[in-house]
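Structure file data.cif (mmCIF, C-alpha atoms) is printed below.
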```cif
data_input
#
loop_
_atom_site.label_atom_id
_atom_site.label_comp_id
_atom_site.auth_asym_id
_atom_site.auth_seq_id
_atom_site.Cartn_x
_atom_site.Cartn_y
_atom_site.Cartn_z
CA ASP A 1 -32.29 72.27 -4.27
CA ALA A 2 -34.14 69.15 -5.42
CA HIS A 3 -34.84 66.01 -3.40
CA ASN A 4 -36.39 62.63 -4.16
CA TYR A 5 -37.82 60.21 -1.59
CA GLY A 6 -39.78 57.94 -3.93
CA THR A 7 -38.95 54.70 -5.72
CA ILE A 8 -37.83 54.85 -9.37
CA THR A 9 -38.28 51.63 -11.38
CA VAL A 10 -37.97 50.68 -15.04
CA ASP A 11 -39.71 47.30 -15.00
CA GLU A 12 -38.93 44.01 -16.67
CA SER A 13 -41.36 44.56 -19.54
CA ALA A 14 -39.52 47.69 -20.72
CA VAL A 15 -37.79 47.81 -24.12
CA TYR A 16 -35.75 50.94 -24.75
CA LYS A 17 -33.41 52.57 -27.25
CA VAL A 18 -32.53 55.63 -25.13
CA LEU A 19 -32.52 55.40 -21.35
CA ASN A 20 -31.41 58.08 -18.88
CA VAL A 21 -32.66 57.34 -15.37
CA GLY A 22 -32.07 58.95 -11.96
CA GLY A 23 -33.84 59.67 -8.72
CA VAL A 24 -33.90 63.45 -9.28
CA TRP A 25 -33.45 63.88 -13.04
CA GLY A 26 -32.98 61.67 -16.08
CA LYS A 27 -31.01 63.95 -18.42
CA PHE A 28 -29.91 67.49 -17.54
CA THR A 29 -28.26 69.22 -20.49
CA GLY A 30 -27.99 72.76 -19.07
CA GLU A 31 -24.30 73.52 -19.55
CA GLY A 32 -22.71 76.94 -19.16
CA GLY A 33 -23.42 77.86 -15.55
CA TYR A 34 -26.52 75.86 -14.67
CA THR A 35 -26.11 74.29 -11.24
CA ASN A 36 -27.45 71.28 -9.37
CA ASP A 37 -26.68 72.37 -5.81
CA ASN A 38 -27.54 70.55 -2.56
CA CYS A 39 -29.63 67.93 -4.34
CA SER A 40 -30.27 64.52 -2.81
CA ASN A 41 -31.86 61.15 -3.50
CA SER A 42 -33.22 58.79 -0.84
CA GLY A 43 -35.26 56.47 -3.05
CA PRO A 44 -34.05 53.25 -4.69
CA VAL A 45 -33.39 53.39 -8.44
CA SER A 46 -33.90 50.09 -10.28
CA VAL A 47 -33.62 49.29 -13.98
CA TYR A 48 -34.67 46.00 -15.55
CA GLY A 49 -35.72 44.94 -19.05
CA LYS A 50 -33.70 45.07 -22.24
CA SER A 51 -32.74 47.44 -25.02
CA THR A 52 -33.53 47.41 -28.69
CA SER A 53 -30.87 46.06 -31.03
CA ASN A 54 -29.38 49.54 -31.55
CA ALA A 55 -29.52 51.37 -28.21
CA THR A 56 -27.74 54.75 -28.17
CA GLN A 57 -27.80 55.70 -24.46
CA PHE A 58 -27.93 53.68 -21.24
CA ARG A 59 -27.05 55.99 -18.34
CA ILE A 60 -28.19 55.31 -14.79
CA GLY A 61 -27.47 57.15 -11.51
CA GLY A 62 -28.78 57.63 -8.00
CA LEU A 63 -29.48 61.31 -8.72
CA GLY A 64 -29.24 61.50 -12.50
CA GLY A 65 -28.51 59.47 -15.59
CA TRP A 66 -26.73 62.24 -17.50
CA SER A 67 -25.64 65.75 -16.47
CA GLN A 68 -23.78 68.62 -18.13
CA SER A 69 -24.38 71.03 -15.23
CA ILE A 70 -22.25 72.14 -12.29
CA ILE A 71 -22.80 69.68 -9.43
CA THR A 72 -22.03 70.79 -5.87
CA ASN A 73 -22.76 69.16 -2.51
CA CYS A 74 -25.10 66.52 -3.90
CA VAL A 75 -25.73 63.25 -2.03
CA ASN A 76 -27.20 59.87 -2.87
CA HIS A 77 -28.24 58.58 0.55
CA LYS A 78 -27.86 55.02 1.81
CA SER A 79 -31.47 54.14 0.99
CA GLY A 80 -30.94 55.24 -2.64
CA THR A 81 -29.62 51.89 -3.84
CA VAL A 82 -28.89 51.57 -7.55
CA THR A 83 -29.86 48.21 -9.08
CA VAL A 84 -29.46 47.24 -12.73
CA ASP A 85 -30.42 43.84 -14.15
CA ALA A 86 -30.66 44.23 -17.91
CA GLU A 87 -29.57 43.18 -21.38
CA ILE A 88 -28.42 45.92 -23.72
CA THR A 89 -26.98 46.24 -27.22
CA ILE A 90 -25.09 49.48 -27.88
CA ALA A 91 -25.06 50.83 -31.44
CA GLN A 92 -21.81 51.87 -33.13
CA ASN A 93 -20.20 55.20 -32.15
CA THR A 94 -22.97 56.25 -29.76
CA GLY A 95 -21.21 56.22 -26.39
CA ALA A 96 -21.54 53.56 -23.76
CA SER A 97 -23.45 52.29 -20.77
CA SER A 98 -22.60 54.37 -17.68
CA ILE A 99 -23.75 53.64 -14.13
CA GLY A 100 -22.89 55.71 -11.05
CA GLY A 101 -24.08 56.19 -7.48
CA VAL A 102 -24.57 59.93 -8.12
CA VAL A 103 -24.62 60.32 -11.93
CA GLY A 104 -23.99 57.76 -14.64
CA TYR A 105 -22.55 60.11 -17.27
CA LYS A 106 -21.17 63.55 -16.28
CA THR A 107 -19.69 66.00 -18.79
CA VAL A 108 -18.82 69.69 -19.39
CA ASP A 109 -19.12 71.62 -16.09
CA ALA A 110 -17.40 71.25 -12.70
CA THR A 111 -18.15 68.94 -9.80
CA ASP A 112 -17.34 69.61 -6.13
CA GLY A 113 -18.74 67.75 -3.16
CA ALA A 114 -20.55 64.73 -4.68
CA LYS A 115 -21.17 61.78 -2.33
CA ASN A 116 -22.70 58.32 -2.60
CA GLU A 117 -23.68 56.32 0.49
CA ALA A 118 -25.72 53.58 -1.23
CA ASP A 119 -24.83 50.15 -2.56
CA ILE A 120 -24.69 49.59 -6.32
CA ASN A 121 -25.62 46.19 -7.75
CA VAL A 122 -25.22 45.58 -11.47
CA LYS A 123 -26.02 42.45 -13.45
CA LEU A 124 -25.56 43.47 -17.04
CA ASN A 125 -25.13 41.54 -20.26
CA THR A 126 -24.00 43.80 -23.09
CA THR A 127 -23.13 43.48 -26.74
CA THR A 128 -21.80 46.24 -28.93
CA SER A 129 -21.25 46.76 -32.63
CA ALA A 130 -18.06 48.77 -32.04
CA SER A 131 -15.40 49.36 -29.42
CA GLU A 132 -17.79 50.88 -26.91
CA VAL A 133 -16.91 50.95 -23.21
CA GLN A 134 -18.98 50.15 -20.13
CA TYR A 135 -18.48 52.29 -16.99
CA VAL A 136 -19.51 51.55 -13.38
CA ALA A 137 -18.49 53.51 -10.27
CA GLY A 138 -19.54 54.73 -6.84
CA VAL A 139 -19.98 58.40 -7.79
CA TYR A 140 -19.64 58.94 -11.56
CA GLY A 141 -19.52 56.12 -14.09
CA TYR A 142 -18.01 58.42 -16.71
CA LEU A 143 -16.60 61.88 -16.00
CA ALA A 144 -15.26 64.27 -18.65
CA ILE A 145 -15.39 68.00 -17.90
CA THR A 146 -14.08 70.98 -19.83
CA SER A 147 -11.21 73.26 -18.72
CA PRO A 148 -11.11 75.34 -16.55
CA ALA A 149 -13.79 73.43 -14.62
CA THR A 150 -12.51 71.39 -11.67
CA VAL A 151 -13.00 67.93 -10.14
CA ASN A 152 -12.87 67.99 -6.33
CA ASN A 153 -14.03 66.19 -3.19
CA MET A 154 -15.92 63.10 -4.27
CA VAL A 155 -16.72 60.33 -1.77
CA ASN A 156 -18.15 56.83 -2.13
CA GLU A 157 -19.21 54.78 0.89
CA GLY A 158 -21.39 52.17 -0.83
CA ASN A 159 -20.36 48.68 -1.86
CA ILE A 160 -20.22 48.06 -5.63
CA PHE A 161 -21.02 44.71 -7.21
CA VAL A 162 -20.84 43.90 -10.93
CA ASP A 163 -21.61 40.56 -12.54
CA GLY A 164 -22.07 40.17 -16.24
CA THR A 165 -20.80 39.65 -19.74
CA PHE A 166 -19.20 42.59 -21.55
CA ASN A 167 -17.99 41.98 -25.08
CA GLU A 168 -15.81 45.10 -24.92
CA VAL A 169 -14.04 47.07 -22.15
CA LEU A 170 -15.24 47.49 -18.55
CA ARG A 171 -13.88 50.47 -16.56
CA MET A 172 -14.87 50.29 -12.90
CA GLY A 173 -13.80 52.37 -9.91
CA GLY A 174 -14.70 53.06 -6.31
CA VAL A 175 -15.32 56.72 -7.18
CA VAL A 176 -15.06 57.11 -10.98
CA GLY A 177 -15.06 54.54 -13.76
CA ASN A 178 -13.17 56.79 -16.17
CA LYS A 179 -12.10 60.42 -15.76
CA ALA A 180 -10.95 62.36 -18.80
CA ASN A 181 -9.54 65.88 -19.16
CA GLN A 182 -9.06 67.74 -15.85
CA PRO A 183 -7.00 66.46 -12.88
CA GLY A 184 -8.95 65.54 -9.75
CA THR A 185 -8.24 65.87 -6.04
CA GLY A 186 -9.86 64.69 -2.83
CA LEU A 187 -11.37 61.44 -4.12
CA VAL A 188 -12.21 58.93 -1.35
CA ASN A 189 -13.62 55.39 -1.44
CA THR A 190 -14.49 53.18 1.53
CA GLY A 191 -16.90 50.81 -0.22
CA ASP A 192 -15.88 47.27 -1.15
CA ILE A 193 -15.65 46.43 -4.87
CA THR A 194 -16.57 43.12 -6.50
CA ALA A 195 -16.31 42.47 -10.24
CA ILE A 196 -17.11 39.00 -11.55
CA GLY A 197 -17.69 38.12 -15.17
CA GLN A 198 -16.39 38.21 -18.71
CA PHE A 199 -14.97 41.64 -19.45
CA GLY A 200 -14.34 41.45 -23.18
CA THR A 201 -11.00 42.79 -24.37
CA THR A 202 -9.97 44.44 -21.08
CA GLY A 203 -11.30 44.96 -17.56
CA TYR A 204 -9.97 47.81 -15.37
CA VAL A 205 -10.88 47.79 -11.68
CA GLY A 206 -9.49 50.47 -9.34
CA GLY A 207 -10.07 51.33 -5.70
CA VAL A 208 -10.62 54.97 -6.71
CA MET A 209 -10.66 55.00 -10.54
CA GLY A 210 -10.73 52.42 -13.27
CA THR A 211 -8.94 54.59 -15.82
CA GLY A 212 -8.25 58.28 -16.23
CA ARG A 213 -5.85 61.14 -15.90
CA ASN A 214 -3.91 62.53 -12.98
CA ILE A 215 -5.37 62.40 -9.48
CA SER A 216 -3.95 63.56 -6.16
CA ASN A 217 -4.85 63.29 -2.48
CA ALA A 218 -6.98 60.23 -3.12
CA ARG A 219 -7.87 57.65 -0.46
CA SER A 220 -9.12 54.09 -0.81
CA PHE A 221 -9.79 51.81 2.14
CA CYS A 222 -11.69 48.82 0.83
CA ASN A 223 -11.51 45.21 -0.27
CA ILE A 224 -11.40 44.45 -4.01
CA LYS A 225 -12.37 41.16 -5.63
CA ALA A 226 -11.85 41.13 -9.38
CA ILE A 227 -12.38 37.86 -11.24
CA GLY A 228 -11.84 38.24 -14.98
CA ALA A 229 -10.26 41.71 -14.89
CA THR A 230 -6.98 42.53 -16.64
CA TYR A 231 -5.77 45.52 -14.60
CA VAL A 232 -6.46 45.83 -10.88
CA ALA A 233 -5.13 48.56 -8.59
CA THR A 234 -5.55 50.06 -5.17
CA ILE A 235 -6.01 53.58 -6.60
CA LEU A 236 -5.83 53.88 -10.41
CA ALA A 237 -5.99 50.80 -12.64
CA THR A 238 -4.92 52.38 -15.93
CA ASN A 239 -1.98 50.81 -17.73
CA ASP A 240 -0.84 54.20 -19.10
CA THR A 241 2.18 55.22 -17.03
CA LYS A 242 2.03 58.89 -18.03
CA TYR A 243 -1.10 59.34 -15.90
CA LYS A 244 -0.06 59.51 -12.27
CA ALA A 245 -1.61 59.15 -8.84
CA THR A 246 0.23 61.34 -6.30
CA ASN A 247 -0.03 61.74 -2.55
CA CYS A 248 -2.52 58.87 -2.35
CA HIS A 249 -3.11 56.38 0.48
CA SER A 250 -4.97 53.10 0.63
CA GLY A 251 -5.42 49.87 2.53
CA GLY A 252 -7.32 46.60 2.22
CA THR A 253 -7.14 43.33 0.29
CA ILE A 254 -7.16 42.40 -3.38
CA CYS A 255 -8.37 39.03 -4.69
CA VAL A 256 -7.77 38.23 -8.37
CA ASP A 257 -7.56 35.24 -10.69
CA GLU A 258 -5.15 34.36 -13.49
CA SER A 259 -6.79 36.94 -15.80
CA ALA A 260 -5.02 39.78 -14.02
CA GLY A 261 -2.11 40.98 -16.16
CA LYS A 262 -1.15 43.87 -13.88
CA ILE A 263 -1.77 44.38 -10.16
CA ASP A 264 -0.74 47.66 -8.57
CA LEU A 265 -0.18 47.44 -4.80
CA SER A 266 1.99 50.55 -4.65
CA PHE A 267 0.10 52.43 -1.95
CA ASP A 268 0.40 51.59 1.73
CA ASN A 269 -0.88 48.39 3.32
CA TRP A 270 -2.44 46.00 0.84
CA TYR A 271 -2.58 42.24 0.84
CA LYS A 272 -3.05 40.13 -2.29
CA TYR A 273 -4.57 36.70 -1.90
#
```
Output the file's structure as structure tokens, nothing else.
Amino acid sequence: DAHNYGTITVDESAVYKVLNVGGVWGKFTGEGGYTNDNCSNSGPVSVYGKSTSNATQFRIGGLGGWSQSIITNCVNHKSGTVTVDAEITIAQNTGASSIGGVVGYKTVDATDGAKNEADINVKLNTTTSASEVQYVAGVYGYLAITSPATVNNMVNEGNIFVDGTFNEVLRMGGVVGNKANQPGTGLVNTGDITAIGQFGTTGYVGGVMGTGRNISNARSFCNIKAIGATYVATILATNDTKYKATNCHSGGTICVDESAGKIDLSFDNWYKY
């Protein structure tokens, strides 16, 4: 168990090439059975400043910036707000910027029982020298675990707000920005989502996930406002039809502009205006 009650701030004078920031840990690379169990954050996490011209990592979370460990029953409490107001330049083939209420960038081992209660506010201007992707979500910005590890029972209750300029792709979700590899079940979002800005080549905004592979038993009850996004959906915003969302339920409103090429209102009671 590990718990943080203090304030974490990267101030406006900071200039960084590698940045992994969280309330409990910055970067936890202990794969292969290491566990973060029953951890929590109650302190606000704020990141300002700007990167160098060739930044390689920008990963921010309520609990951690980057984790390869097993995560079970971890919570970012309501007072653990995540605030980012920065300018970054991502170098070629180095990853992406990832921001999450629990962890920004989660890989390798399983996750079960992660929850975010806090609001996430992101004002981010990014440039990249390659086709790098930006991820923002209520629980995990980016999630890619290795079989046979599992993805279960993730909940977001905080509102998510993004405003900025992204010269490449933005993938934004109520729970996960992008989920690769393993299927996930029991993903729930009740926080409202607002995305306003210039989202480069493509912007994906989903009530549960921006993009990713199969999910089931997901729930999303929120309002979504996406101005400048290409794909907007109540559950899963991906445009790849081979990745399915099954046994999912949702309700709320969606507000979009003429940028939206695809709007998915296929689950339950949604109203587009």
**Request:** Work out how far CA of Ile99 in chain A is from CA of Gln134 in chain A, in Å to one decimal.
**Result:**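 Value for the CA of Gln134 in chain A-CA of Ile99 in chain A distance: 8.4 Å.
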**Prompt:** Got a sec: who's within 6 Å of range 15-31 of chain A, counting all atoms listed in the file, leaving out chain neighbours fewer than 4 positions off, as a list in words?
**Reply:**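 Non-adjacent residues within range: Asn4, Asn41, Lys50, Ser51, Thr52, Ala55, Thr56, Gln57, Phe58, Arg59, Ile60, Gly61, Gly62, Leu63, Gly64, Gly65, Trp66, Ser67, Gln68 and Ser69 of chain A.
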**Message:** Here's the selection I'm unsure about, the PyMOL selection byres ((chain A and resi 175) around 8); applied to the file above, which residues does it give, as an MDAnalysis selection string?
**Reply:** chainID A and resid 137:140 154:156 173:174 176:177 187:189 207:209
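From CA of Ala91 in chain A back to CA of Gly212 in chain A, the distance works out to 23.9 Å.
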**Asked** On this structure, which residues satisfy the PyMOL selection byres ((chain A and resi 197) around 8), written as an MDAnalysis selection string?
**Response** chainID A and resid 162:166 195:196 198:199 227:228
**Request:** Please identify all polymer residues within 6 Å of Tyr105 in chain A, counting only C-alpha atoms, omitting same-chain residues fewer than 5 positions from it, and present them as a list in words.
**Result:**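 Contacts, in chain order: Trp66, Ser98, Gly141 and Tyr142 of chain A.
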Could you state which residues are captured by the PyMOL selection byres ((chain A and resi 109) around 7) in this file, as a compact mmCIF listing (two decimals) with C-alpha atoms, in the coordinates of the input?
```
# COMPACT_ATOMS: atom_id res chain seq x y z
CA GLU A 31 -24.30 73.52 -19.55
CA GLN A 68 -23.78 68.62 -18.13
CA SER A 69 -24.38 71.03 -15.23
CA ILE A 70 -22.25 72.14 -12.29
CA THR A 107 -19.69 66.00 -18.79
CA VAL A 108 -18.82 69.69 -19.39
CA ALA A 110 -17.40 71.25 -12.70
CA THR A 111 -18.15 68.94 -9.80
CA ILE A 145 -15.39 68.00 -17.90
CA THR A 146 -14.08 70.98 -19.83
CA ALA A 149 -13.79 73.43 -14.62
```
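As for CA of Gly158 in chain A and CA of Lys262 in chain A, they are spaced 25.5 Å apart.
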**Shortest interatomic distance to Cys222 in chain A - which of A:Lys179, A:Lys106, A:His249, A:Lys78, counting only C-alpha atoms** =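 Ranking A:Lys179, A:Lys106, A:His249, A:Lys78 by distance to Cys222 in chain A, first place goes to A:His249.
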**Message:** I need the residue nearest Asn223 in chain A from this list: A:Ile263, A:Ala14, A:Leu143, A:Ile160. Use only C-alpha atoms for the distance.
**Reply:**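 So, comparing all the options, the nearest one is A:Ile160.
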**Message:** Using only C-alpha atoms, can you tell me which of A:Asn76, A:Asn217, A:Asn152, A:Asn178 comes closest to Ser250 in chain A?
**Reply:** A:Asn217
Kindly extract all protein, DNA and RNA residues lying within 10 Å of the coordinates (-23.5, 43.3, -8.3) given in the file, considering only C-alpha atoms, and supply them as a PDB file with C-alpha atoms, in the frame of the given file.
```pdb
ATOM      1  CA  VAL A  82     -28.890  51.570  -7.550  1.00  0.00           C
ATOM      2  CA  THR A  83     -29.860  48.210  -9.080  1.00  0.00           C
ATOM      3  CA  VAL A  84     -29.460  47.240 -12.730  1.00  0.00           C
ATOM      4  CA  ASP A  85     -30.420  43.840 -14.150  1.00  0.00           C
ATOM      5  CA  ASP A 119     -24.830  50.150  -2.560  1.00  0.00           C
ATOM      6  CA  ILE A 120     -24.690  49.590  -6.320  1.00  0.00           C
ATOM      7  CA  ASN A 121     -25.620  46.190  -7.750  1.00  0.00           C
ATOM      8  CA  VAL A 122     -25.220  45.580 -11.470  1.00  0.00           C
ATOM      9  CA  LYS A 123     -26.020  42.450 -13.450  1.00  0.00           C
ATOM     10  CA  LEU A 124     -25.560  43.470 -17.040  1.00  0.00           C
ATOM     11  CA  ASN A 159     -20.360  48.680  -1.860  1.00  0.00           C
ATOM     12  CA  ILE A 160     -20.220  48.060  -5.630  1.00  0.00           C
ATOM     13  CA  PHE A 161     -21.020  44.710  -7.210  1.00  0.00           C
ATOM     14  CA  VAL A 162     -20.840  43.900 -10.930  1.00  0.00           C
ATOM     15  CA  ASP A 163     -21.610  40.560 -12.540  1.00  0.00           C
ATOM     16  CA  GLY A 164     -22.070  40.170 -16.240  1.00  0.00           C
ATOM     17  CA  ILE A 193     -15.650  46.430  -4.870  1.00  0.00           C
ATOM     18  CA  THR A 194     -16.570  43.120  -6.500  1.00  0.00           C
ATOM     19  CA  ALA A 195     -16.310  42.470 -10.240  1.00  0.00           C
ATOM     20  CA  ILE A 196     -17.110  39.000 -11.550  1.00  0.00           C
TER      21      ILE A 196
END
```
**Message:** Neighbouring residues of Gly6 in chain A were defined as those with any atom within 8 Å, considering all atoms listed in the file; residues of the same chain fewer than 5 positions away were excluded. Please report them as a list in words.
**Reply:** Gly23, Ser42, Gly43 and Pro44 of chain A
**Message:** Would you pick out the contacts of Asp1 in chain A at 7 Å or less, using only C-alpha atoms, so that residues sharing its chain but fewer than 3 positions from it are not included, and give the list as an MDAnalysis selection string?
**Reply:** chainID A and resid 37:39
Any chance you can output those residues with C-alpha atoms as a PDB file, in the coordinates of the input?
```
ATOM      1  CA  ASP A  37     -26.680  72.370  -5.810  1.00  0.00           C
ATOM      2  CA  ASN A  38     -27.540  70.550  -2.560  1.00  0.00           C
ATOM      3  CA  CYS A  39     -29.630  67.930  -4.340  1.00  0.00           C
TER       4      CYS A  39
END
```
**Request:** In the coordinates of the file, take the point (-39.0, 44.9, -13.9) and a cut-off of 7 Å; then, counting only C-alpha atoms, name each qualifying protein, DNA or RNA residue as a VMD selection string.
**Result:** chain A and resid 10 to 13 47 to 49
The centre and edge lengths of an axis-aligned box containing all atoms of range 1-12 of chain A present in the file, extended by 4 Å on each side, are to be given in Å to one decimal, as lines of an AutoDock Vina configuration file.
```
center_x = -36.0
center_y = 58.1
center_z = -9.1
size_x = 15.5
size_y = 36.3
size_z = 23.1
```
**Message:** Using all atoms listed in the file for the distances, tell me which of A:Thr81, A:Asn73, A:Ser259, A:Thr127 is nearest to Ala114 in chain A.
**Reply:**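 Among the listed residues, A:Asn73 lies closest to Ala114 in chain A.
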